[in-house]
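Below is one structure, written out as structure tokens; comments come after it.
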Amino acid sequence: MTATTVAVDLESGHLTSSPVHFDDLDAMGIVHNARYALMLERGLTGFWAEHGLDFAGGRPSSPDVFSAVREFTISYLAPVTGTGEIALHFWIERIGQTSAVYGFRFLSADHRAVHAEGRRAIVKLDPGTLRPAPWTDHTRTVAESIARR
């Protein structure tokens, strides 16, 4: 696997940087496969916190913060070697009544190479019943701002 230069459409979605730390690397000096899910989670958490959906003092700021991952798929296209910054680009592919599907990709810092790409589906849950519950209008509006066009 080697990184190839590609034209990446960044017109929709959200683009952020993601640090790669020494402890993200495996014995071969590349980002361990399990760390991609963590880096994605941190990027998504930061985005939603900027829009008022986070945990403050251990309590959710909105009922929409309470969700569970239903599906996570990823394809590793080229290894990320060493520490430093990489880019994370994610978007909403679909938002349903109680679920949402993200598309994402990890890019080189210059946005020219795709290291990994995938999708992540979540279901919003009612904290009391742990059953699916509808999203609020605020969350739908924010989600639509990063919808794939």
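As shown in the structure tokens, the chain order sets the letters A, B, ...; within each chain, residues go from 1, and ligands are also counted from 1 in the order they appear.
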Could you pull out the strand (DSSP E or B) residues of region 19-120 of chain A from DSSP and send them as a PDB file with C-alpha atoms, in the first residue's frame?
```pdb
ATOM      1  CA  PRO A  19      -2.840  14.573  15.605  1.00  0.00           C
ATOM      2  CA  VAL A  20      -1.000  11.268  15.391  1.00  0.00           C
ATOM      3  CA  LEU A  25       1.676   3.670  16.178  1.00  0.00           C
ATOM      4  CA  ILE A  30       2.386   2.969  11.293  1.00  0.00           C
ATOM      5  CA  VAL A  31      -0.931   4.023  12.773  1.00  0.00           C
ATOM      6  CA  PHE A  55     -20.875  16.535  27.851  1.00  0.00           C
ATOM      7  CA  ALA A  56     -20.306  19.283  30.399  1.00  0.00           C
ATOM      8  CA  ARG A  59     -23.859  15.507  31.801  1.00  0.00           C
ATOM      9  CA  PRO A  60     -25.112  15.640  28.223  1.00  0.00           C
ATOM     10  CA  SER A  67     -26.172   7.626  20.715  1.00  0.00           C
ATOM     11  CA  ALA A  68     -24.586   4.284  19.918  1.00  0.00           C
ATOM     12  CA  VAL A  69     -22.492   3.165  16.973  1.00  0.00           C
ATOM     13  CA  ARG A  70     -24.411   0.633  14.917  1.00  0.00           C
ATOM     14  CA  GLU A  71     -21.867   0.071  12.158  1.00  0.00           C
ATOM     15  CA  PHE A  72     -18.257   1.023  11.472  1.00  0.00           C
ATOM     16  CA  THR A  73     -16.474   0.084   8.256  1.00  0.00           C
ATOM     17  CA  ILE A  74     -13.104   1.244   7.047  1.00  0.00           C
ATOM     18  CA  SER A  75     -10.777   0.557   4.156  1.00  0.00           C
ATOM     19  CA  TYR A  76      -7.082   1.158   4.705  1.00  0.00           C
ATOM     20  CA  THR A  81       3.759   6.539   9.095  1.00  0.00           C
ATOM     21  CA  GLY A  84       2.383  14.557  13.214  1.00  0.00           C
ATOM     22  CA  GLU A  85      -0.827  15.951  11.782  1.00  0.00           C
ATOM     23  CA  ILE A  86      -3.147  14.289   9.297  1.00  0.00           C
ATOM     24  CA  ALA A  87      -6.491  15.562   8.047  1.00  0.00           C
ATOM     25  CA  LEU A  88      -9.915  14.123   8.792  1.00  0.00           C
ATOM     26  CA  HIS A  89     -12.778  14.861   6.402  1.00  0.00           C
ATOM     27  CA  PHE A  90     -16.273  13.691   7.332  1.00  0.00           C
ATOM     28  CA  TRP A  91     -19.821  14.343   6.193  1.00  0.00           C
ATOM     29  CA  ILE A  92     -23.375  13.155   6.704  1.00  0.00           C
ATOM     30  CA  GLU A  93     -24.493  10.724   4.027  1.00  0.00           C
ATOM     31  CA  ARG A  94     -27.968  10.334   5.479  1.00  0.00           C
ATOM     32  CA  ILE A  95     -29.897  11.381   8.551  1.00  0.00           C
ATOM     33  CA  SER A  99     -30.161   7.321  12.904  1.00  0.00           C
ATOM     34  CA  ALA A 100     -27.391   8.967  10.918  1.00  0.00           C
ATOM     35  CA  VAL A 101     -24.709   7.710   8.562  1.00  0.00           C
ATOM     36  CA  TYR A 102     -21.359   9.454   8.235  1.00  0.00           C
ATOM     37  CA  GLY A 103     -18.841   9.071   5.472  1.00  0.00           C
ATOM     38  CA  PHE A 104     -15.235   9.836   6.355  1.00  0.00           C
ATOM     39  CA  ARG A 105     -11.692   9.740   5.103  1.00  0.00           C
ATOM     40  CA  PHE A 106      -8.268  10.316   6.562  1.00  0.00           C
ATOM     41  CA  LEU A 107      -6.056  12.417   4.342  1.00  0.00           C
ATOM     42  CA  ALA A 113      -3.505  11.457  -0.473  1.00  0.00           C
ATOM     43  CA  VAL A 114      -6.262   9.321   1.046  1.00  0.00           C
ATOM     44  CA  HIS A 115      -4.974   7.000   3.773  1.00  0.00           C
ATOM     45  CA  ALA A 116      -8.286   5.438   4.823  1.00  0.00           C
ATOM     46  CA  GLU A 117     -12.002   5.855   4.158  1.00  0.00           C
ATOM     47  CA  GLY A 118     -15.218   4.434   5.466  1.00  0.00           C
ATOM     48  CA  ARG A 119     -18.623   4.938   7.006  1.00  0.00           C
ATOM     49  CA  ARG A 120     -20.081   5.044  10.474  1.00  0.00           C
TER      50      ARG A 120
END
```
Looking only at the backbone, which of the residues in region 19-77 of chain A does DSSP tag as alpha helix (DSSP H), as JSON, numbers by chain?
-> {"A": [35, 36, 37, 38, 39, 40, 41, 42, 43, 44, 45, 46, 47, 48, 49, 50]}
Write the residues of the preceding selection, restricted to C-alpha atoms, as a PDB file, in the first residue's frame.
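Final file, out.pdb:
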```pdb
ATOM      1  CA  ARG A  35      -6.707   3.996  16.352  1.00  0.00           C
ATOM      2  CA  TYR A  36      -8.633   5.242  13.319  1.00  0.00           C
ATOM      3  CA  ALA A  37     -11.958   4.723  15.108  1.00  0.00           C
ATOM      4  CA  LEU A  38     -10.651   6.711  18.079  1.00  0.00           C
ATOM      5  CA  MET A  39      -9.336   9.548  15.895  1.00  0.00           C
ATOM      6  CA  LEU A  40     -12.694   9.694  14.091  1.00  0.00           C
ATOM      7  CA  GLU A  41     -14.578   9.747  17.396  1.00  0.00           C
ATOM      8  CA  ARG A  42     -12.432  12.635  18.634  1.00  0.00           C
ATOM      9  CA  GLY A  43     -12.986  14.592  15.434  1.00  0.00           C
ATOM     10  CA  LEU A  44     -16.752  14.076  15.527  1.00  0.00           C
ATOM     11  CA  THR A  45     -16.914  14.919  19.231  1.00  0.00           C
ATOM     12  CA  GLY A  46     -15.059  18.187  18.639  1.00  0.00           C
ATOM     13  CA  PHE A  47     -17.341  19.155  15.764  1.00  0.00           C
ATOM     14  CA  TRP A  48     -20.543  18.520  17.715  1.00  0.00           C
ATOM     15  CA  ALA A  49     -19.155  20.277  20.816  1.00  0.00           C
ATOM     16  CA  GLU A  50     -18.618  23.397  18.673  1.00  0.00           C
TER      17      GLU A  50
END
```
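When only C-alpha atoms are used to compute distances to Asp126 (chain A), the closest of the residues A:Phe66, A:Val80, A:Asp110, A:Gly96 turns out to be A:Phe66.
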Go through region 3-122 of chain A and flag each residue having an atom no more than 7 Å from region 130-145 of chain A; for those, report the closest pair of atoms plus their distance in Å to one decimal, using only C-alpha atoms, ordered by chain and rising number, as a tab-separated table.
```
residue	atom	partner	partner_atom	distance
A:Asp64	CA	A:Trp135	CA	6.1
A:Ile92	CA	A:Ala143	CA	6.4
A:Gln97	CA	A:Pro134	CA	5.3
A:Thr98	CA	A:Pro134	CA	4.5
```
Could those residues be written to a file, using C-alpha atoms, as a short mmCIF file (atom, residue, chain, number, x, y, z; two decimals), in the first residue's frame?
```
data_model
loop_
_atom_site.label_atom_id
_atom_site.label_comp_id
_atom_site.auth_asym_id
_atom_site.auth_seq_id
_atom_site.Cartn_x
_atom_site.Cartn_y
_atom_site.Cartn_z
CA ASP A 64 -28.97 13.96 21.03
CA ILE A 92 -23.37 13.15 6.70
CA GLN A 97 -35.63 9.74 12.05
CA THR A 98 -33.41 8.11 14.70
#
```
Straight-line distance linking CA of Asp54 (chain A) with CA of Val123 (chain A), stated in Å to one decimal | 16.3 Å
Atom pair CA of Ser108 (chain A) / CA of Gly82 (chain A): separation (Å) =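 Taking CA of Ser108 (chain A) as the start and CA of Gly82 (chain A) as the end point, the length is 12.0 Å.
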